[in-house]
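Heads up, upload_22.txt below (compact mmCIF, C-alpha atoms and all ligand atoms):
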```
# COMPACT_ATOMS: atom_id res chain seq x y z
CA MET G 1 18.60 2.22 10.10
CA LEU G 2 18.03 -1.44 9.18
CA PRO G 3 15.22 -1.93 6.63
CA ILE G 4 11.98 -3.32 7.96
CA PHE G 5 9.86 -5.90 6.11
CA ARG G 6 6.08 -5.69 6.14
CA PRO G 7 3.08 -6.84 4.03
CA ILE G 8 2.08 -4.55 1.14
CA LYS G 9 -1.07 -2.43 1.66
CA THR G 10 -3.28 -0.81 -0.98
CA ALA G 11 -1.82 2.60 -0.11
CA ASP G 12 1.65 1.31 -1.11
CA LEU G 13 0.77 0.44 -4.70
CA GLN G 14 2.04 3.57 -6.42
CA ASN G 15 5.25 3.46 -4.37
CA ILE G 16 5.97 -0.17 -5.25
CA ALA G 17 5.19 0.60 -8.91
CA ARG G 18 7.85 3.31 -8.79
CA VAL G 19 10.35 0.74 -7.46
CA PHE G 20 9.36 -1.57 -10.33
CA VAL G 21 10.06 1.19 -12.89
CA ALA G 22 13.29 2.41 -11.23
CA SER G 23 14.81 -1.08 -11.03
CA LEU G 24 13.80 -2.05 -14.57
CA ASN G 25 14.98 1.32 -15.96
CA GLN G 26 18.40 0.55 -14.47
CA ARG G 27 18.34 -2.97 -15.92
CA HIS G 28 17.33 -1.55 -19.32
CA LEU G 29 20.21 0.96 -19.14
CA GLU G 30 22.65 -1.90 -18.46
CA THR G 31 21.31 -3.96 -21.37
CA GLY G 32 20.89 -1.18 -23.95
CA LEU G 33 17.09 -0.95 -23.82
CA ALA G 34 14.99 2.21 -23.55
CA PRO G 35 13.68 3.22 -20.09
CA ILE G 36 10.03 2.39 -19.33
CA VAL G 37 9.35 6.01 -18.36
CA ASP G 38 11.39 8.88 -16.89
CA LEU G 39 10.34 8.85 -13.22
CA SER G 40 11.48 12.46 -12.76
CA ASP G 41 8.81 13.49 -15.30
CA GLU G 42 5.77 13.47 -12.97
CA THR G 43 3.29 14.10 -15.79
CA ALA G 44 4.57 11.19 -17.86
CA TRP G 45 4.63 8.92 -14.81
CA ASN G 46 1.11 9.90 -13.67
CA THR G 47 -0.27 9.29 -17.16
CA MET G 48 1.35 5.86 -17.34
CA TRP G 49 0.33 4.99 -13.78
CA GLU G 50 -3.34 5.80 -14.31
CA ALA G 51 -3.68 4.33 -17.81
CA GLU G 52 -1.56 1.20 -17.61
CA ARG G 53 0.07 0.35 -14.32
CA ARG G 54 -2.61 1.13 -11.75
CA PRO G 55 -5.16 -1.41 -13.13
CA LEU G 56 -2.48 -4.11 -13.26
CA PHE G 57 -0.99 -3.38 -9.84
CA GLU G 58 -4.44 -3.21 -8.24
CA HIS G 59 -5.52 -6.47 -9.87
CA VAL G 60 -2.44 -8.40 -8.75
CA SER G 61 -2.70 -7.06 -5.18
CA ALA G 62 -6.44 -7.73 -4.95
CA HIS G 63 -5.82 -11.37 -5.89
CA ALA G 64 -2.35 -11.88 -4.43
CA ALA G 65 -1.48 -14.78 -2.17
CA VAL G 66 1.07 -12.57 -0.48
CA GLY G 67 3.03 -9.36 -1.01
CA TRP G 68 5.95 -8.00 1.02
CA LEU G 69 7.99 -4.82 0.87
CA ALA G 70 11.20 -3.60 2.47
CA GLU G 71 11.31 0.00 3.65
CA ASP G 72 13.71 2.34 5.35
CA ASP G 73 12.40 5.47 7.07
CA GLY G 74 9.20 5.32 4.97
CA GLU G 75 11.00 4.80 1.65
CA VAL G 76 10.12 1.58 -0.21
CA LEU G 77 13.39 -0.15 -1.14
CA GLY G 78 12.02 -3.28 -2.76
CA TYR G 79 9.06 -5.62 -2.92
CA ALA G 80 7.84 -9.04 -4.07
CA ARG G 81 4.35 -10.44 -4.72
CA SER G 82 2.91 -13.78 -5.73
CA ILE G 83 -0.48 -15.17 -6.71
CA GLN G 84 -1.88 -18.63 -5.99
CA ARG G 85 -3.91 -20.33 -8.74
CA ASP G 86 -5.07 -23.91 -8.03
CA ASP G 87 -1.88 -25.78 -7.09
CA VAL G 88 0.47 -23.19 -8.54
CA CYS G 89 2.14 -20.27 -6.77
CA GLN G 90 3.38 -17.73 -9.31
CA LEU G 91 5.82 -14.94 -8.46
CA THR G 92 4.48 -11.83 -10.20
CA ASP G 93 6.88 -9.10 -9.00
CA PHE G 94 10.46 -9.03 -7.65
CA PHE G 95 12.18 -5.64 -7.65
CA VAL G 96 14.73 -3.78 -5.51
CA LEU G 97 15.85 -0.15 -5.99
CA PRO G 98 19.13 0.10 -7.97
CA GLY G 99 21.10 1.68 -5.10
CA ARG G 100 19.98 -1.04 -2.65
CA GLN G 101 20.62 -4.20 -4.69
CA HIS G 102 23.17 -6.95 -3.90
CA ALA G 103 22.75 -6.51 -0.16
CA GLY G 104 20.36 -9.39 0.58
CA LEU G 105 17.04 -7.51 0.34
CA GLY G 106 16.00 -9.67 -2.63
CA ARG G 107 16.75 -12.85 -0.69
CA GLU G 108 14.56 -11.74 2.22
CA LEU G 109 11.70 -10.59 -0.01
CA LEU G 110 11.69 -13.74 -2.14
CA SER G 111 11.73 -15.90 0.95
CA ARG G 112 8.67 -14.16 2.43
CA ALA G 113 6.62 -13.62 -0.73
CA PHE G 114 7.33 -16.87 -2.58
CA GLU G 115 9.39 -19.57 -0.88
CA GLN G 116 7.36 -19.53 2.34
CA VAL G 117 4.03 -19.77 0.48
CA GLU G 118 2.84 -23.37 0.90
CA SER G 119 2.18 -24.64 -2.61
CA PRO G 120 2.60 -27.92 -4.51
CA SER G 121 3.95 -26.14 -7.61
CA ARG G 122 5.80 -22.93 -8.46
CA LEU G 123 6.11 -20.73 -11.52
CA ILE G 124 7.97 -17.54 -12.49
CA LEU G 125 8.15 -15.53 -15.71
CA ALA G 126 11.73 -14.27 -15.38
CA ASN G 127 13.81 -11.76 -17.28
CA SER G 128 17.48 -12.49 -18.00
CA ASN G 129 18.86 -10.74 -14.92
CA PRO G 130 21.49 -13.12 -13.42
CA ALA G 131 20.80 -11.93 -9.85
CA ALA G 132 17.12 -12.86 -10.24
CA LEU G 133 17.77 -16.12 -12.11
CA SER G 134 20.24 -17.33 -9.51
CA ARG G 135 17.78 -16.58 -6.69
CA TYR G 136 14.98 -18.43 -8.51
CA MET G 137 17.07 -21.52 -9.19
CA ARG G 138 18.13 -21.59 -5.56
CA ALA G 139 14.40 -21.56 -4.74
CA GLY G 140 14.04 -24.74 -6.83
CA VAL G 141 12.47 -23.13 -9.92
CA TYR G 142 14.32 -23.74 -13.19
CA PRO G 143 14.03 -22.42 -16.79
CA MET G 144 11.77 -24.71 -18.83
CA CYS G 145 11.38 -22.62 -21.95
CA THR G 146 12.71 -19.36 -23.44
CA ILE G 147 10.20 -16.64 -24.31
CA PHE G 148 10.71 -14.24 -27.25
CA ASP G 149 8.92 -10.95 -27.93
CA PHE G 150 7.54 -10.18 -31.39
CA GLU G 151 6.00 -6.82 -32.17
CA ARG G 152 4.70 -4.62 -34.98
CA LYS G 153 2.03 -2.00 -35.60
CA ALA G 154 -1.10 -4.11 -35.87
CA ARG G 155 -2.48 -4.66 -39.37
CA PRO G 156 -5.46 -6.57 -40.70
CA VAL G 157 -4.42 -10.13 -41.56
CA SER G 158 -6.41 -12.99 -42.97
CA VAL G 159 -5.64 -16.68 -42.41
CA GLU G 160 -8.00 -19.27 -43.84
CA THR G 161 -9.75 -21.23 -41.10
CA ASP G 162 -12.97 -23.03 -40.24
CA LEU G 163 -12.89 -21.55 -36.72
CA GLU G 164 -15.74 -19.25 -35.79
CA VAL G 165 -15.61 -16.33 -33.37
CA GLY G 166 -18.49 -16.38 -30.92
CA SER G 167 -19.49 -16.36 -27.29
CA LEU G 168 -21.25 -18.58 -24.80
CA PRO G 169 -24.67 -17.65 -23.36
CA SER G 170 -23.31 -16.44 -20.00
CA GLU G 171 -20.03 -15.17 -18.52
CA ALA G 172 -20.08 -18.16 -16.13
CA GLU G 173 -20.19 -20.63 -19.05
CA GLU G 174 -17.48 -18.70 -20.85
CA LEU G 175 -15.26 -18.74 -17.75
CA GLU G 176 -15.81 -22.48 -17.46
CA ALA G 177 -14.72 -22.96 -21.09
CA LEU G 178 -11.64 -20.76 -20.49
CA ASN G 179 -10.82 -22.76 -17.36
CA GLN G 180 -10.96 -26.01 -19.29
CA ILE G 181 -8.63 -24.68 -21.99
CA ASP G 182 -6.20 -23.34 -19.36
CA LYS G 183 -6.26 -26.61 -17.45
CA SER G 184 -5.30 -28.56 -20.56
CA LEU G 185 -2.56 -26.11 -21.67
CA LEU G 186 -1.17 -24.61 -18.44
CA GLY G 187 -2.22 -27.30 -15.97
CA TYR G 188 -4.14 -24.85 -13.78
CA THR G 189 -7.01 -22.36 -13.96
CA ARG G 190 -7.03 -18.61 -13.24
CA PRO G 191 -10.57 -17.20 -13.61
CA GLN G 192 -9.47 -14.04 -11.71
CA GLU G 193 -7.15 -13.12 -14.58
CA HIS G 194 -9.81 -13.81 -17.23
CA THR G 195 -12.32 -11.56 -15.47
CA TRP G 196 -9.76 -8.76 -15.22
CA LEU G 197 -8.44 -9.24 -18.78
CA ALA G 198 -11.98 -9.02 -20.19
CA GLU G 199 -12.37 -5.61 -18.50
CA GLN G 200 -9.06 -4.35 -19.93
CA ARG G 201 -8.94 -5.97 -23.40
CA SER G 202 -11.26 -7.47 -26.02
CA ARG G 203 -11.74 -11.20 -25.55
CA LEU G 204 -12.38 -13.38 -28.59
CA MET G 205 -13.58 -16.97 -28.12
CA PHE G 206 -12.98 -19.38 -31.01
CA PHE G 207 -15.24 -22.35 -31.75
CA ARG G 208 -15.21 -25.33 -34.09
CA ASN G 209 -18.59 -26.97 -34.68
CA GLY G 210 -19.88 -25.16 -31.60
CA THR G 211 -17.11 -26.44 -29.32
CA PRO G 212 -14.57 -24.03 -27.74
CA ALA G 213 -11.24 -24.36 -29.58
CA GLY G 214 -9.24 -21.41 -28.23
CA TYR G 215 -9.26 -17.81 -27.09
CA GLY G 216 -7.31 -14.58 -27.41
CA TYR G 217 -7.20 -11.03 -25.98
CA ALA G 218 -6.48 -7.88 -28.01
CA GLY G 219 -5.82 -4.38 -26.72
CA ARG G 220 -3.08 -1.92 -25.87
CA TRP G 221 -1.33 -5.10 -24.70
CA SER G 222 -2.14 -8.46 -26.29
CA GLY G 223 -2.52 -11.94 -24.91
CA PRO G 224 -2.90 -14.44 -23.63
CA LEU G 225 -3.74 -16.54 -26.69
CA ALA G 226 -4.54 -20.25 -26.54
CA ALA G 227 -5.37 -22.96 -29.08
CA LEU G 228 -6.30 -26.54 -28.22
CA ASP G 229 -4.97 -27.57 -31.66
CA ASP G 230 -1.63 -25.96 -32.60
CA ASN G 231 -2.77 -25.73 -36.26
CA ASP G 232 -5.27 -23.07 -35.12
CA MET G 233 -2.62 -20.75 -33.65
CA PRO G 234 -1.99 -18.72 -36.86
CA ALA G 235 -5.71 -18.07 -37.40
CA ILE G 236 -6.15 -16.98 -33.77
CA MET G 237 -3.09 -14.70 -33.95
CA ALA G 238 -4.33 -13.19 -37.23
CA GLN G 239 -7.76 -12.48 -35.76
CA ILE G 240 -6.33 -10.89 -32.62
CA GLU G 241 -3.94 -8.73 -34.65
CA THR G 242 -6.79 -7.68 -36.96
CA ASN G 243 -8.83 -6.74 -33.89
CA ALA G 244 -5.90 -4.71 -32.46
CA ALA G 245 -5.52 -2.93 -35.83
CA LYS G 246 -9.04 -1.51 -35.47
CA SER G 247 -7.85 0.61 -32.54
CA ASP G 248 -4.53 1.49 -34.24
CA ALA G 249 -2.69 -0.49 -31.54
CA THR G 250 0.61 -2.32 -31.57
CA PHE G 251 0.37 -6.09 -31.79
CA GLY G 252 3.00 -7.57 -29.50
CA VAL G 253 3.21 -11.13 -28.24
CA MET G 254 5.38 -13.04 -25.78
CA VAL G 255 5.84 -16.46 -27.35
CA PRO G 256 7.28 -19.55 -25.60
CA LEU G 257 9.83 -21.10 -27.97
CA ALA G 258 7.99 -24.40 -27.54
CA ASN G 259 5.22 -22.84 -29.63
CA ARG G 260 6.81 -23.59 -32.99
CA THR G 261 3.65 -22.93 -34.98
CA ALA G 262 3.44 -19.40 -33.61
CA MET G 263 7.16 -18.72 -34.11
CA THR G 264 7.08 -19.93 -37.71
CA TYR G 265 3.97 -17.90 -38.48
CA LEU G 266 5.40 -14.71 -36.95
CA ILE G 267 8.75 -15.04 -38.73
CA ASP G 268 6.98 -15.74 -42.05
CA GLN G 269 4.81 -12.68 -41.44
CA GLY G 270 7.93 -10.52 -41.11
CA PHE G 271 7.47 -9.60 -37.43
CA HIS G 272 10.32 -7.84 -35.66
CA LEU G 273 11.92 -10.31 -33.22
CA ASP G 274 13.14 -8.56 -30.08
CA THR G 275 15.65 -10.70 -28.16
CA GLY G 276 16.48 -7.76 -25.86
CA HIS G 277 13.35 -8.64 -23.89
CA THR G 278 14.04 -12.39 -23.76
CA MET G 279 12.39 -14.03 -20.78
CA TYR G 280 12.25 -17.52 -19.28
CA PHE G 281 9.30 -19.65 -18.28
CA MET G 282 10.58 -21.08 -14.99
CA ALA G 283 8.70 -23.75 -13.08
CA ASP G 284 9.06 -26.88 -11.00
CA PHE G 285 6.42 -28.67 -13.09
CA THR G 286 5.82 -29.20 -16.82
CA PRO G 287 2.82 -27.32 -18.23
CA PRO G 288 1.18 -29.63 -20.77
CA GLY G 289 0.61 -27.18 -23.63
CA LEU G 290 3.17 -24.36 -23.94
CA ASP G 291 3.39 -25.37 -27.62
CA ARG G 292 -0.14 -23.99 -28.05
CA TYR G 293 0.06 -20.96 -25.79
CA ILE G 294 1.09 -17.28 -25.97
CA LEU G 295 1.57 -15.32 -22.78
CA SER G 296 -0.18 -12.23 -21.52
CA MET G 297 1.82 -9.05 -22.06
CA PRO G 298 3.39 -7.52 -19.94
CA GLY G 299 4.88 -10.58 -18.23
CA PHE G 300 3.47 -10.32 -14.72
CA PHE G 301 1.35 -13.47 -15.00
CA THR G 302 0.94 -16.19 -17.63
C1 LIG G 401 16.57 -9.24 -8.97
C2 LIG G 401 16.63 -8.33 -7.74
C3 LIG G 401 15.22 -8.10 -7.21
C4 LIG G 401 17.47 -9.03 -6.66
O1 LIG G 401 17.50 -8.21 -5.51
P1 LIG G 401 18.85 -8.05 -4.64
O2 LIG G 401 18.49 -7.35 -3.40
O3 LIG G 401 19.91 -7.47 -5.50
O4 LIG G 401 19.15 -9.60 -4.35
P2 LIG G 401 20.14 -10.24 -3.29
O5 LIG G 401 21.22 -9.29 -2.95
O6 LIG G 401 19.36 -10.81 -2.16
O7 LIG G 401 20.66 -11.49 -4.10
C5 LIG G 401 21.30 -11.37 -5.32
C6 LIG G 401 22.06 -12.65 -5.53
O8 LIG G 401 22.38 -12.77 -6.92
C7 LIG G 401 23.70 -13.24 -6.98
N1 LIG G 401 24.21 -12.88 -8.28
C8 LIG G 401 24.36 -11.64 -8.79
N2 LIG G 401 24.87 -11.73 -10.03
C9 LIG G 401 25.03 -13.05 -10.29
C10 LIG G 401 25.53 -13.79 -11.40
N3 LIG G 401 25.96 -13.18 -12.49
N4 LIG G 401 25.54 -15.15 -11.31
C11 LIG G 401 25.09 -15.78 -10.21
N5 LIG G 401 24.61 -15.13 -9.12
C12 LIG G 401 24.60 -13.78 -9.17
C13 LIG G 401 24.41 -12.57 -5.84
O9 LIG G 401 25.59 -13.23 -5.51
C14 LIG G 401 23.36 -12.67 -4.74
O10 LIG G 401 23.40 -13.93 -4.10
P3 LIG G 401 24.06 -14.08 -2.59
O11 LIG G 401 23.19 -13.24 -1.70
O12 LIG G 401 23.97 -15.52 -2.28
O13 LIG G 401 25.45 -13.55 -2.72
C15 LIG G 401 17.29 -6.97 -8.09
O14 LIG G 401 18.56 -7.22 -8.60
C16 LIG G 401 16.51 -6.14 -9.09
O15 LIG G 401 15.56 -5.45 -8.74
N6 LIG G 401 16.92 -6.19 -10.36
C17 LIG G 401 16.27 -5.40 -11.42
C18 LIG G 401 14.84 -5.84 -11.66
C19 LIG G 401 14.76 -7.28 -12.10
O16 LIG G 401 15.46 -7.69 -13.02
N7 LIG G 401 13.88 -8.05 -11.44
C20 LIG G 401 13.66 -9.45 -11.75
C21 LIG G 401 12.39 -9.58 -12.52
S1 LIG G 401 12.15 -11.25 -13.10
```

Now that the file is in, can you turn its structure into structure tokens?
Amino acid sequence: MLPIFRPIKTADLQNIARVFVASLNQRHLETGLAPIVDLSDETAWNTMWEAERRPLFEHVSAHAAVGWLAEDDGEVLGYARSIQRDDVCQLTDFFVLPGRQHAGLGRELLSRAFEQVESPSRLILANSNPAALSRYMRAGVYPMCTIFDFERKARPVSVETDLEVGSLPSEAEELEALNQIDKSLLGYTRPQEHTWLAEQRSRLMFFRNGTPAGYGYAGRWSGPLAALDDNDMPAIMAQIETNAAKSDATFGVMVPLANRTAMTYLIDQGFHLDTGHTMYFMADFTPPGLDRYILSMPGFFT
């Protein structure tokens, strides 16, 4: 039977998440990386789904511009989703089952879930898969910056700074401050992500003389981290790592290479640099402040 294409529904989320894991497991096998989880181990999968993947998959779908899947006789073969934030459409997911790749399903999914979305600007956080990269470039979205992973077991670190950690009187004022920082670094705002991130991770707001100077999120996954002044990046990273250390977590960050201050700090700190997970910031516009920004891990959205 020919596959059919239809919009993703809430009831599909676990099935599309399984496609995500199966296709990335295969990609990891090809590139010498460990699998995300063994999908034949139902207990391991269910634990990961409930603890990590379900919140993320539900958040993206609840705030998605569009999501499409391909299915054959009830089996999900592949899917793609994107979110719209201000003028920017960002592809968040693009995955096809290993046995069904290279047959045009990706082309059809990307067309429906990304290229046909009316939007002045486009953005993708891409891995190094040539099949994906070639599709993205043919959609007019090109690599602007390489992204490296750094990771270690979080430890308390101290960096001298005059920044203060604090909060604003209300969540609305805090969201407004976050929006202003995002606008000046990314070129767009995404309050939906901040609301969700604050439920999943610890948010720290940084101030200088009472004025917001940056922010960061710590948790099982770290990021995003932002500093209006690049000199503040090391202090913000140190504070977020120290926070992560309190819960015995790993501190891992996805750093755009444009962020030289962060790269230098992390290398000087002896972090393990993992080029196996190299990604690309692809866009058809130039974000103003990638030199002062660290992405949210895992790389579904900025
Ligand atoms: C990326 C992915 C979704 C693409 O799905 P797909 O169904 O295989 O895609 P399609 O068959 O429509 O298109 C693949 C294209 O890549 C091209 N391609 C493959 N390898 C290539 C290479 N080394 N250089 C250039 N183009 C290449 C193919 O020629 C094909 O283009 P064509 O249709 O014009 O011939 C799928 O490969 C996948 O799930 N990969 C693993 C997960 C992943 O890496 N996802 C991307 C996350 S950013």

To check your reading of the model: which residues sit at most 10 Å from ligand LIG 401 (chain G) when counting all atoms listed in the file? Write the answer as an mmCIF file with C-alpha atoms, keeping the file's coordinate frame.
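Output file part_32.cif is given in full below:
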```cif
data_model
loop_
_atom_site.group_PDB
_atom_site.id
_atom_site.type_symbol
_atom_site.label_atom_id
_atom_site.label_comp_id
_atom_site.auth_asym_id
_atom_site.auth_seq_id
_atom_site.Cartn_x
_atom_site.Cartn_y
_atom_site.Cartn_z
ATOM 1 C CA VAL G 19 10.350 0.740 -7.460
ATOM 2 C CA PHE G 20 9.360 -1.570 -10.330
ATOM 3 C CA VAL G 21 10.060 1.190 -12.890
ATOM 4 C CA ALA G 22 13.290 2.410 -11.230
ATOM 5 C CA SER G 23 14.810 -1.080 -11.030
ATOM 6 C CA LEU G 24 13.800 -2.050 -14.570
ATOM 7 C CA ASN G 25 14.980 1.320 -15.960
ATOM 8 C CA GLN G 26 18.400 0.550 -14.470
ATOM 9 C CA ARG G 27 18.340 -2.970 -15.920
ATOM 10 C CA HIS G 28 17.330 -1.550 -19.320
ATOM 11 C CA LEU G 77 13.390 -0.150 -1.140
ATOM 12 C CA GLY G 78 12.020 -3.280 -2.760
ATOM 13 C CA TYR G 79 9.060 -5.620 -2.920
ATOM 14 C CA ALA G 80 7.840 -9.040 -4.070
ATOM 15 C CA LEU G 91 5.820 -14.940 -8.460
ATOM 16 C CA THR G 92 4.480 -11.830 -10.200
ATOM 17 C CA ASP G 93 6.880 -9.100 -9.000
ATOM 18 C CA PHE G 94 10.460 -9.030 -7.650
ATOM 19 C CA PHE G 95 12.180 -5.640 -7.650
ATOM 20 C CA VAL G 96 14.730 -3.780 -5.510
ATOM 21 C CA LEU G 97 15.850 -0.150 -5.990
ATOM 22 C CA PRO G 98 19.130 0.100 -7.970
ATOM 23 C CA GLY G 99 21.100 1.680 -5.100
ATOM 24 C CA ARG G 100 19.980 -1.040 -2.650
ATOM 25 C CA GLN G 101 20.620 -4.200 -4.690
ATOM 26 C CA HIS G 102 23.170 -6.950 -3.900
ATOM 27 C CA ALA G 103 22.750 -6.510 -0.160
ATOM 28 C CA GLY G 104 20.360 -9.390 0.580
ATOM 29 C CA LEU G 105 17.040 -7.510 0.340
ATOM 30 C CA GLY G 106 16.000 -9.670 -2.630
ATOM 31 C CA ARG G 107 16.750 -12.850 -0.690
ATOM 32 C CA GLU G 108 14.560 -11.740 2.220
ATOM 33 C CA LEU G 109 11.700 -10.590 -0.010
ATOM 34 C CA LEU G 110 11.690 -13.740 -2.140
ATOM 35 C CA SER G 111 11.730 -15.900 0.950
ATOM 36 C CA ILE G 124 7.970 -17.540 -12.490
ATOM 37 C CA LEU G 125 8.150 -15.530 -15.710
ATOM 38 C CA ALA G 126 11.730 -14.270 -15.380
ATOM 39 C CA ASN G 127 13.810 -11.760 -17.280
ATOM 40 C CA SER G 128 17.480 -12.490 -18.000
ATOM 41 C CA ASN G 129 18.860 -10.740 -14.920
ATOM 42 C CA PRO G 130 21.490 -13.120 -13.420
ATOM 43 C CA ALA G 131 20.800 -11.930 -9.850
ATOM 44 C CA ALA G 132 17.120 -12.860 -10.240
ATOM 45 C CA LEU G 133 17.770 -16.120 -12.110
ATOM 46 C CA SER G 134 20.240 -17.330 -9.510
ATOM 47 C CA ARG G 135 17.780 -16.580 -6.690
ATOM 48 C CA TYR G 136 14.980 -18.430 -8.510
ATOM 49 C CA MET G 137 17.070 -21.520 -9.190
ATOM 50 C CA ARG G 138 18.130 -21.590 -5.560
ATOM 51 C CA MET G 279 12.390 -14.030 -20.780
ATOM 52 C CA TYR G 280 12.250 -17.520 -19.280
ATOM 53 C CA GLY G 299 4.880 -10.580 -18.230
ATOM 54 C CA PHE G 300 3.470 -10.320 -14.720
#
```

* Pick out the closest residue to Cys145 of chain G from this set: G:Val117, G:Ala213, G:Ala245, G:Met254. Count all atoms listed in the file. =>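 That would be G:Met254, the residue with the smallest distance to Cys145 of chain G.
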
* Asked: Using only C-alpha atoms, which of G:Ala113, G:Leu33, G:Leu186, G:Ala44 sits nearest Ala70 of chain G?
  -> G:Ala113

* Neighbours of Thr286 of chain G within 12 Å (only C-alpha atoms; same-chain residues fewer than 4 positions away dropped), as a list in words? ->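 In the requested form, the answer reads Val88, Ser121, Arg122, Leu123, Val141, Tyr142, Pro143, Met144, Cys145, Ser184, Leu185, Leu186, Gly187, Tyr188, Ala258, Phe281, Met282, Leu290 and Asp291 of chain G.
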
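Taking only C-alpha atoms into account, Ala218 of chain G lies nearest to G:Leu204 out of the set G:Ala139, G:Leu204, G:Leu178, G:Val60.
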
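Nearest residue to Ser167 of chain G among G:Gly252, G:Gly210, G:Pro3, G:Gly32 is G:Gly210, counting only C-alpha atoms.
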
* Quick one: of G:Gln84, G:Thr278, G:Ser296, G:Ser61, who's nearest to Thr189 of chain G, counting only C-alpha atoms? ->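 The shortest atom-to-atom distance to Thr189 of chain G comes from G:Gln84.
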
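The residue set within 10 Å of Lys246 of chain G, counting all atoms listed in the file and dropping same-chain residues fewer than 3 places from it, reads Ala154, Arg155, Pro156, Gly219, Glu241, Thr242, Asn243 and Ala249 of chain G.
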
Would you mind completing segment 70-87 of chain G to N, CA and C atoms and writing the output as a compact mmCIF listing (two decimals), in the coordinates of the input?
```txt
# COMPACT_ATOMS: atom_id res chain seq x y z
N ALA G 70 10.16 -4.02 1.52
CA ALA G 70 11.20 -3.60 2.47
C ALA G 70 11.21 -2.09 2.46
N GLU G 71 11.26 -1.47 3.64
CA GLU G 71 11.31 0.00 3.65
C GLU G 71 12.28 0.50 4.70
N ASP G 72 12.75 1.70 4.46
CA ASP G 72 13.71 2.34 5.35
C ASP G 72 13.23 3.77 5.54
N ASP G 73 12.85 4.11 6.78
CA ASP G 73 12.40 5.47 7.07
C ASP G 73 11.28 5.91 6.11
N GLY G 74 10.35 5.00 5.82
CA GLY G 74 9.20 5.32 4.97
C GLY G 74 9.45 5.18 3.49
N GLU G 75 10.73 4.95 3.09
CA GLU G 75 11.00 4.80 1.65
C GLU G 75 10.97 3.31 1.28
N VAL G 76 10.17 2.97 0.24
CA VAL G 76 10.12 1.58 -0.21
C VAL G 76 11.41 1.26 -0.97
N LEU G 77 12.12 0.22 -0.53
CA LEU G 77 13.39 -0.15 -1.14
C LEU G 77 13.25 -1.31 -2.12
N GLY G 78 12.21 -2.12 -1.90
CA GLY G 78 12.02 -3.28 -2.76
C GLY G 78 10.75 -3.99 -2.36
N TYR G 79 10.28 -4.88 -3.25
CA TYR G 79 9.06 -5.62 -2.92
C TYR G 79 8.97 -6.88 -3.76
N ALA G 80 8.12 -7.80 -3.32
CA ALA G 80 7.84 -9.04 -4.07
C ALA G 80 6.40 -9.44 -3.82
N ARG G 81 5.74 -9.98 -4.87
CA ARG G 81 4.35 -10.44 -4.72
C ARG G 81 4.18 -11.75 -5.47
N SER G 82 3.24 -12.56 -4.99
CA SER G 82 2.91 -13.78 -5.73
C SER G 82 1.42 -14.03 -5.67
N ILE G 83 0.93 -14.79 -6.67
CA ILE G 83 -0.48 -15.17 -6.71
C ILE G 83 -0.56 -16.69 -6.62
N GLN G 84 -1.67 -17.19 -6.09
CA GLN G 84 -1.88 -18.63 -5.99
C GLN G 84 -3.06 -19.01 -6.88
N ARG G 85 -2.84 -19.89 -7.84
CA ARG G 85 -3.91 -20.33 -8.74
C ARG G 85 -3.92 -21.85 -8.73
N ASP G 86 -5.00 -22.46 -8.24
CA ASP G 86 -5.07 -23.91 -8.03
C ASP G 86 -3.83 -24.33 -7.23
N ASP G 87 -3.05 -25.26 -7.81
CA ASP G 87 -1.88 -25.78 -7.09
C ASP G 87 -0.62 -24.99 -7.35
```
